[in-house]
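Worksheet for the structure shown next.
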Amino acid sequence: MEGLRNITIGEALEETALKFPTHQAVKYIEMEFDKTWYEFNQKVDRIAKGLMGMGLKKGDHAAVWATNYPQWLVLMFATARIGVVLVTVNTNYKESELEFLLKQSDSKALFICDGLKDIDCEKIVYSICPELKTCRKGDLKSEKLPELKIVVSFDNHYKGMYHWNDIEAFGVLVSSTEFKERKASLHPDDVINMQYTSGTTGFPKGVMLTHNNIVNNGLSIGDCMRFTEKDRLCIPVPFFHCFGMVLAIMACVTHGSTMVPLLWYTPMKVMHVVEYERCTALHGVPTMFIGVLEHRDFDKYDYSTLRTGIMAGSPCPIKVMQDVVNKMNMKDITIAFGQTEASPVCTQTTIEDSLEKRVHTVGKTLPFMETKIVEPETGEEVGIGVAGEFCVRGYNVMKGYYKLEEATKAAIDSDGWLHTGDLATVDAEGYYKITGRIKDMIIRGGENIFPKEIEDFIYTHPAVKDVAIVAIPSQRYGEEVCAFVVLKEGAEADEDGIKSYVNKNLAKHKVPKRVMFVEKFPLTASGKIQKFVLRDMAIENLKLEEEAAIETA
């Protein structure tokens with residue numbers, strides 16, 4: 001990477017289409033969508049003109065609530081090409097969450113699909129906007145959502161909604177000159193994407209990201225994996241999350257690599273796509289890789305074409321990384337670390353790093369950004385090997401939270417440093433290790449305990465498939481360690497056995513006070529374990545409400 005690219009997302013796609021016009025850009029196995037870069041770019045242009053013809057102006061907000069549909073992929077580039085801000089909606093959202101997001105984001109348009117697992121999109125949208133059933137298409141007048149005017153369905157024809165196939169026809173209302181002028185009016189530092197944080201500690205916040213944020217981060221990420229036009233990336237992670245949009249889509253677009261998306265993740269679909277589409281790369285959060293490795297049909301599939309990919313999204317267990325390298329042939333797998341507010345990756349290992357560094361660290365700082373670790377209370381920079389809060393500054397830092405000036409100031413200090421809330425250490429060579437979240441750190445009788453260390457060790461137990469460490473309240477120590485464990489199919493283990501296993505190898509204060517066995521973990525749509533849900537489960541099941549009340553008093 002010679003320097004920062006000062007181009008828009010649309011220009012990045014155009015460059016790749018000119019460079020590799022006949023190379024396969026995207027291939028779906030679940031839907032009929034197979035395009036070269038030239039064909040994909042042309043499709044984006046037609047949809048972009050159609051959106052202009054429908055009345056979407058530069059700076060308008062358009063929300064998309066769908067799984068990894070081909071239309072989602074086209075929409076990402078079509079909106080970017082005409083300066084419309086794409087607002088990505090978590091596919092786990094229910095009615096109240098969707099209503100909040102659409103209102104807070106001032107979305108003028110909403111795009112939906114019928115393919116969400118346990119959610120009826122049409123029913124929810126009509127519930128929020130009953131006026132849709134009687135309004136003229138494109139002229140919604142909603143009492144709850146006064147900014148929302150246009151609703152589009154990817155799948156079926158509904159009252160008051162346009163169908164995706166209607167969009168291109170509106171392109172005749174836009175001249176070539178108008179289209180060129182719109183594209184020429186864009187600036188790489190314009191906000192072009194809004195992703196909403198999970199909202200586990202309050203209402204979700206809209207993270208405003210620019211063309212420069214997304215293009216340059218995707219370029220750096222692909223460079224770390226040494227992506228070329230010969231690579232084929234299996235994408236089971238959701239598009240609405242930065243993992244899908246930047247680490248997958250933009251890493252491919254900036255390098256001409258082929259995208260092979262799944263509508264949603266299942267281990268079987270991942271194994272099938274990797275073999276039959278001869279994928280060279282695979283992305284996923286740890287739970288996704290665990291799901292593949294533990295699948296009963298794992299040995300029936302061929303992983304010989306795999307080379308690289310990214311494991312990220314939550315702390316990566318060392319044993320899982322080693323199994324992915326040894327059993328899935330991903331000798332060049334990398335680990336990336338960051339957060340949505342940093343667009344998102346701040347550090348990443350490269351394929352040149354030793355296996356030890358790729359397994360035990362999250363790599364070095366990406367080009368054109370600065371990182372440091374500070375003492376959370378004082379803000380003073382700490383030394384080598386000392387845990388503190390990870391901070392980053394550079395092109396990748398968000399513009400801010402939409403309409404939340406105070407929250408933005410709390411996250412980004414006056415010198416431009418984004419305070420991530422993640423705990424980390426750095427070694428003398430500049431490699432970072434993430435030890436947890438500040439809010440997840442367990443303080444037991446004055447001892448700081450980092451969950452990841454205990455999780456990594458319990459993963460090595462032969463009966464354990466997955467593990468999560470959370471804090472539970474304690475009258476004596478303030479907090480104690482609680483381990484939630486998912487066992488491998490057919491395996492057996494009990495609480496005393498897990499405790500004994502930890503006690504033989506780790507300090508006494510790190511031994512879980514309680515071990516709770518569950519069949520699966522509560523996850524976000526992007527595959528992250530919802531530790532706050534586990535903590536609430538522990539408090540309820542262990543009847544610790546009184547201790548919890550004392551803790552929050």
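Going through the structure tokens in order, the chains are called A, B, and so on, while each chain numbers its residues from 1 and the ligands are numbered from 1 in the order shown.
These are the residues of stretch 432-481 of chain A assigned strand (DSSP E or B) by DSSP from backbone coordinates: Tyr432, Lys433, Ile434, Thr435, Gly436, Arg437, Ile442, Ile443, Arg444, Glu447, Asn448, Ile449, Val464, Lys465, Asp466, Val467, Ala468, Ile469, Val470, Ala471, Ile472, Pro473, Ser474, Gly478, Glu479, Glu480 and Val481 of chain A.
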query = Got a sec: who's within 9 Å of A:Gly527, counting only C-alpha atoms, leaving out chain neighbours fewer than 2 positions off, as a VMD selection string?
reply = chain A and resid 237 284 to 288 313 to 314 522 to 525 529
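Straight-line separation from atom CA of A:Phe239 to atom CA of A:Phe298: 25.5 Å.
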message = Env of A:Val89: 7 Å cut, atoms = only C-alpha atoms, seq-sep filter 6 positions within chain, self excluded. Answer as a count of residues only.
response = 4
Which residues come within 9 Å of A:Ser142, counting only C-alpha atoms, excluding same-chain residues fewer than 2 positions away, as a short mmCIF file (atom, residue, chain, number, x, y, z; two decimals) with all heavy atoms, in the first residue's frame?
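Writing done, so here's result-v8.cif:
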data_model
loop_
_atom_site.label_atom_id
_atom_site.label_comp_id
_atom_site.auth_asym_id
_atom_site.auth_seq_id
_atom_site.Cartn_x
_atom_site.Cartn_y
_atom_site.Cartn_z
N ILE A 128 -45.51 -0.59 11.85
CA ILE A 128 -44.91 0.72 12.13
C ILE A 128 -45.54 1.80 11.26
O ILE A 128 -45.78 2.93 11.71
CB ILE A 128 -43.38 0.68 11.90
CG1 ILE A 128 -42.71 -0.32 12.85
CG2 ILE A 128 -42.76 2.07 12.10
CD1 ILE A 128 -41.25 -0.57 12.56
N CYS A 129 -45.79 1.46 9.99
CA CYS A 129 -46.31 2.42 9.01
C CYS A 129 -47.60 1.89 8.39
O CYS A 129 -47.60 1.46 7.22
CB CYS A 129 -45.29 2.70 7.92
SG CYS A 129 -43.71 3.30 8.49
N PRO A 130 -48.70 1.89 9.11
CA PRO A 130 -49.97 1.39 8.54
C PRO A 130 -50.40 2.18 7.31
O PRO A 130 -51.16 1.68 6.48
CB PRO A 130 -50.97 1.55 9.69
CG PRO A 130 -50.35 2.55 10.62
CD PRO A 130 -48.87 2.37 10.50
N GLU A 131 -49.90 3.42 7.19
CA GLU A 131 -50.26 4.26 6.05
C GLU A 131 -49.78 3.68 4.72
O GLU A 131 -50.27 4.04 3.65
CB GLU A 131 -49.66 5.66 6.22
CG GLU A 131 -50.11 6.40 7.48
CD GLU A 131 -49.18 6.17 8.66
OE1 GLU A 131 -48.37 5.20 8.62
OE2 GLU A 131 -49.25 6.94 9.63
N LEU A 132 -48.81 2.73 4.79
CA LEU A 132 -48.28 2.11 3.57
C LEU A 132 -49.36 1.39 2.77
O LEU A 132 -49.31 1.34 1.54
CB LEU A 132 -47.19 1.10 3.93
CG LEU A 132 -45.72 1.48 3.74
CD1 LEU A 132 -44.83 0.32 4.14
CD2 LEU A 132 -45.42 1.92 2.32
N LEU A 140 -45.07 7.90 0.90
CA LEU A 140 -45.53 7.54 2.24
C LEU A 140 -45.59 8.78 3.14
O LEU A 140 -44.67 9.60 3.13
CB LEU A 140 -44.59 6.50 2.86
CG LEU A 140 -44.82 6.12 4.32
CD1 LEU A 140 -46.18 5.43 4.50
CD2 LEU A 140 -43.69 5.22 4.82
N LYS A 144 -45.43 8.07 12.48
CA LYS A 144 -44.30 7.73 13.34
C LYS A 144 -42.96 8.08 12.71
O LYS A 144 -42.00 8.43 13.41
CB LYS A 144 -44.32 6.23 13.67
CG LYS A 144 -45.45 5.81 14.57
CD LYS A 144 -45.35 4.31 14.87
CE LYS A 144 -46.46 3.85 15.80
NZ LYS A 144 -46.37 2.38 16.07
N LEU A 145 -42.88 7.98 11.38
CA LEU A 145 -41.61 8.18 10.67
C LEU A 145 -41.81 9.21 9.55
O LEU A 145 -41.90 8.85 8.38
CB LEU A 145 -41.11 6.86 10.10
CG LEU A 145 -40.91 5.71 11.11
CD1 LEU A 145 -40.66 4.40 10.39
CD2 LEU A 145 -39.76 6.03 12.06
N PRO A 146 -41.87 10.48 9.91
CA PRO A 146 -42.20 11.51 8.91
C PRO A 146 -41.19 11.63 7.76
O PRO A 146 -41.54 12.08 6.68
CB PRO A 146 -42.25 12.80 9.74
CG PRO A 146 -41.51 12.49 11.00
CD PRO A 146 -41.71 11.04 11.26
N GLU A 147 -39.92 11.21 8.01
CA GLU A 147 -38.91 11.31 6.95
C GLU A 147 -39.01 10.18 5.92
O GLU A 147 -38.55 10.31 4.80
CB GLU A 147 -37.50 11.30 7.57
CG GLU A 147 -37.21 12.45 8.51
CD GLU A 147 -37.23 13.80 7.80
OE1 GLU A 147 -36.82 13.86 6.62
OE2 GLU A 147 -37.67 14.78 8.42
N LEU A 148 -39.59 9.05 6.31
CA LEU A 148 -39.63 7.88 5.43
C LEU A 148 -40.66 8.06 4.32
O LEU A 148 -41.84 8.28 4.60
CB LEU A 148 -39.95 6.63 6.26
CG LEU A 148 -39.85 5.29 5.52
CD1 LEU A 148 -38.43 5.03 5.05
CD2 LEU A 148 -40.32 4.15 6.43
N LYS A 149 -40.22 7.95 3.08
CA LYS A 149 -41.10 8.15 1.92
C LYS A 149 -41.18 6.93 1.01
O LYS A 149 -42.20 6.69 0.36
CB LYS A 149 -40.60 9.34 1.09
CG LYS A 149 -40.54 10.66 1.85
CD LYS A 149 -41.91 11.07 2.36
CE LYS A 149 -41.85 12.35 3.19
NZ LYS A 149 -43.16 12.65 3.83
#
task = Excluding A:Arg535 and residues on its chain fewer than 2 positions from it, collect all residues at most 12 Å away from it, counting only C-alpha atoms, and give them as a ChimeraX atom specification.
result = /A:440,468-473,479-484,514,516,521-522,529-533,537-545,548
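Here atom CA of A:Thr197 stands at a distance of 26.6 Å from atom CA of A:Val270.
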task = Please provide as a ChimeraX atom specification all residues within 7 Å of stretch 352-367 of chain A, with the sequence filter that same-chain residues fewer than 6 positions apart are discarded (counting only C-alpha atoms).
result = /A:220,318,321,334-337,346,430-433
For the residues in that selection, give me C-alpha atoms as a JSON list (two decimals), in the first residue's frame.
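Result file again.json:
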[["chain", "number", "residue", "atom", "x", "y", "z"],
["A", 220, "SER", "CA", -5.12, -2.47, 3.98],
["A", 318, "ILE", "CA", -5.71, -20.09, 20.43],
["A", 321, "MET", "CA", -6.83, -20.88, 15.45],
["A", 334, "THR", "CA", -4.92, -13.69, 9.85],
["A", 335, "ILE", "CA", -6.47, -12.10, 12.90],
["A", 336, "ALA", "CA", -7.87, -8.57, 12.79],
["A", 337, "PHE", "CA", -8.89, -6.31, 15.64],
["A", 346, "CYS", "CA", -6.87, -1.11, 13.60],
["A", 430, "GLY", "CA", 4.71, -3.66, 18.14],
["A", 431, "TYR", "CA", 2.41, -6.69, 18.24],
["A", 432, "TYR", "CA", -0.80, -6.18, 20.19],
["A", 433, "LYS", "CA", -2.71, -8.61, 22.40]]
task = From the DSSP assignment of the backbone, select every residue of stretch 285-534 of chain A that is helix (DSSP H, G or I), and format the answer as a PyMOL selection string.
result = chain A and resi 286-293+298-300+318-327+340-342+355-360+405-411+451-458+495-503+508-510+531-534
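Proximity to A:Phe289 was assessed for A:Arg5, A:Lys331, A:Lys133, A:Lys465 counting only C-alpha atoms; the smallest distance is recorded for A:Lys465.
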task = Quick one: pull the distance between atom CA of A:Trp37 and atom CA of A:Phe77, Å, one decimal.
result = 12.6 Å
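Proximity to A:Ser127 was assessed for A:Val502, A:Val485, A:Ile449, A:Leu98 counting only C-alpha atoms; the smallest distance is recorded for A:Leu98.
Considering only C-alpha atoms, the residue among A:Thr347, A:Gln42, A:Thr435, A:Thr16 positioned nearest to A:Glu453 is A:Thr435.
Taking only C-alpha atoms into account, A:Glu377 lies nearest to A:Ile438 out of the set A:Ile290, A:Ile438, A:Arg444, A:Cys224.
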ask   = Nearest to A:Asn193 among A:Ile498, A:Ala312, A:Ile333, A:Val215, with distances taken over only C-alpha atoms: which residue is it?
value = A:Val215
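Closest to A:Val292 among A:Tyr265, A:Tyr477, A:Tyr276, A:Phe203 is A:Tyr265, based on only C-alpha atoms.
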